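Take a look at the structure set out below.
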Amino acid sequence: MSMGLDYKKMEKALDDFVNSPEGIAFFEEEKLKKELKLKRFAHFEEWLKHNDFEALMYRLILEHGEEWREKCYHNGYEPYPNNKLSFLIDYVSENREPIRVSQLENMFGTDIWFFKGYYFRLMYGQGTAFDLFNGSDFKHLLSV
């Protein structure tokens, strides 16, 4: 018995899905999600023009303190970014080019972005970890 995969069969199944009503509906929903995300990004960029980014960062750091970590653990999860921080990570990662910063790199796959005085780092291993660092002195400010 062959352990090989039947790529032709998989390709046909994928083509059938893409052209099915379910496939068309799926891709239309994904398109709407992307459009909504872009609108939210534009709204955030406008917000940045009139608001204090430092205050936002301070608030996000406080929101991910010990109480948040305990809540995550209590619910059976590793600490993770809340919706506001997830949005900010998405915004930065989709609107800035990754950079290399030797002080923040390690043996894991790592993407780093610099935005408004902060280093945003995503580290990939058995999962994904997020770290936030101060841009002036590399002080570690947050990890989820």
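To be explicit about the labels: the chains of the structure tokens are called A, B, and onward in the order shown, and within each one the residues are counted from 1, while ligands get numbers from 1 in the order they are shown.
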- Message: Taking 5 positions as the minimum chain separation for residues in the same chain, which residues sit within 8 Å of Tyr119 (chain A) when counting only C-alpha atoms? Answer as an MDAnalysis selection string.
- Response: chainID A and resid 112:114 132:135 138
Can you tell me which residues surround Val144 (chain A) at a distance of at most 7 Å, considering only C-alpha atoms, apart from same-chain residues fewer than 2 positions away, and format the answer as a PDB file with N, CA and C atoms, in the first residue's frame?
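Saved as selection_32.pdb:
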ATOM      1  N   PRO A  79      -1.383  32.965  29.083  1.00  0.00           N
ATOM      2  CA  PRO A  79      -1.730  34.380  28.861  1.00  0.00           C
ATOM      3  C   PRO A  79      -1.632  34.739  27.375  1.00  0.00           C
ATOM      4  N   TYR A  80      -2.627  35.484  26.917  1.00  0.00           N
ATOM      5  CA  TYR A  80      -2.710  35.870  25.509  1.00  0.00           C
ATOM      6  C   TYR A  80      -3.148  37.327  25.413  1.00  0.00           C
ATOM      7  N   PRO A  81      -2.916  37.961  24.277  1.00  0.00           N
ATOM      8  CA  PRO A  81      -3.306  39.367  24.124  1.00  0.00           C
ATOM      9  C   PRO A  81      -4.827  39.529  24.120  1.00  0.00           C
ATOM     10  N   ALA A 129       4.563  33.714  20.877  1.00  0.00           N
ATOM     11  CA  ALA A 129       4.647  34.580  22.054  1.00  0.00           C
ATOM     12  C   ALA A 129       4.872  36.013  21.593  1.00  0.00           C
ATOM     13  N   PHE A 130       4.232  36.949  22.277  1.00  0.00           N
ATOM     14  CA  PHE A 130       4.394  38.365  21.976  1.00  0.00           C
ATOM     15  C   PHE A 130       5.137  39.041  23.116  1.00  0.00           C
ATOM     16  N   ASP A 131       6.093  39.891  22.756  1.00  0.00           N
ATOM     17  CA  ASP A 131       6.814  40.696  23.733  1.00  0.00           C
ATOM     18  C   ASP A 131       6.844  42.138  23.254  1.00  0.00           C
ATOM     19  N   LEU A 142       6.194  43.896  28.426  1.00  0.00           N
ATOM     20  CA  LEU A 142       5.010  43.037  28.408  1.00  0.00           C
ATOM     21  C   LEU A 142       5.322  41.750  27.670  1.00  0.00           C
TER      22      LEU A 142
END
Those of chain A in DSSP strand (DSSP E or B), formatted as an mmCIF file with C-alpha atoms, in the first residue's frame:
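Below is the file that was written, states-v5.cif:
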data_model
loop_
_atom_site.group_PDB
_atom_site.id
_atom_site.type_symbol
_atom_site.label_atom_id
_atom_site.label_comp_id
_atom_site.auth_asym_id
_atom_site.auth_seq_id
_atom_site.Cartn_x
_atom_site.Cartn_y
_atom_site.Cartn_z
ATOM 1 C CA ILE A 99 13.392 44.685 11.105
ATOM 2 C CA GLY A 109 11.868 32.301 14.551
ATOM 3 C CA THR A 110 11.254 35.953 15.323
ATOM 4 C CA ASP A 111 9.595 38.935 13.669
ATOM 5 C CA ILE A 112 10.292 42.395 15.094
ATOM 6 C CA TRP A 113 8.690 45.720 14.225
ATOM 7 C CA PHE A 114 9.389 49.204 15.537
ATOM 8 C CA PHE A 115 6.378 51.469 16.000
ATOM 9 C CA TYR A 118 8.297 50.444 20.928
ATOM 10 C CA TYR A 119 9.627 47.152 19.632
ATOM 11 C CA PHE A 120 6.923 44.575 18.948
ATOM 12 C CA ARG A 121 8.271 41.031 18.801
ATOM 13 C CA LEU A 122 6.509 37.841 17.796
ATOM 14 C CA MET A 123 8.452 34.692 18.574
ATOM 15 C CA TYR A 124 7.447 31.408 16.942
ATOM 16 C CA THR A 128 3.510 32.235 19.303
ATOM 17 C CA ALA A 129 4.647 34.580 22.054
ATOM 18 C CA PHE A 130 4.394 38.365 21.976
ATOM 19 C CA ASP A 131 6.814 40.696 23.733
ATOM 20 C CA LEU A 132 6.865 44.466 23.945
ATOM 21 C CA PHE A 133 10.055 46.418 24.551
ATOM 22 C CA ASN A 134 10.826 50.077 25.122
ATOM 23 C CA HIS A 140 10.943 44.415 28.542
ATOM 24 C CA LEU A 141 7.469 45.828 29.201
ATOM 25 C CA LEU A 142 5.010 43.037 28.408
ATOM 26 C CA SER A 143 4.884 39.377 27.496
#
- Which of chain A DSSP labels alpha helix (DSSP H), written as number ranges by chain: A: 7-19, 21-50, 53-63, 66-74, 83-95
- Identify, on the basis of only C-alpha atoms, every residue whose closest approach to Tyr77 (chain A) does not exceed 12 Å; exclude the query and any residue fewer than 5 positions from it along the same chain; express the result as a ChimeraX atom specification. /A:68-72,144
Include C-alpha atoms and write out the residues we just selected as a PDB file, in the first residue's frame.
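Written output follows (result.pdb):
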ATOM      1  CA  TRP A  68      -5.189  39.156  33.455  1.00  0.00           C
ATOM      2  CA  ARG A  69      -2.594  36.399  33.641  1.00  0.00           C
ATOM      3  CA  GLU A  70      -4.438  34.687  36.501  1.00  0.00           C
ATOM      4  CA  LYS A  71      -7.725  34.924  34.603  1.00  0.00           C
ATOM      5  CA  CYS A  72      -6.115  33.263  31.568  1.00  0.00           C
ATOM      6  CA  VAL A 144       1.812  37.354  26.455  1.00  0.00           C
TER       7      VAL A 144
END
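The interatomic distance for the pair CA of Phe27 (chain A) and CA of Ala13 (chain A) works out to 16.0 Å.
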- Query: In Å to one decimal, how far is CA of Asn82 (chain A) from CA of His64 (chain A)?
  - Reply: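 These two atoms are separated by 7.8 Å.
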- Task: Record the distance separating CA of Val101 (chain A) and CA of Gly117 (chain A), expressed in Å with one decimal.
- Result: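 Those two atoms sit 13.9 Å apart.
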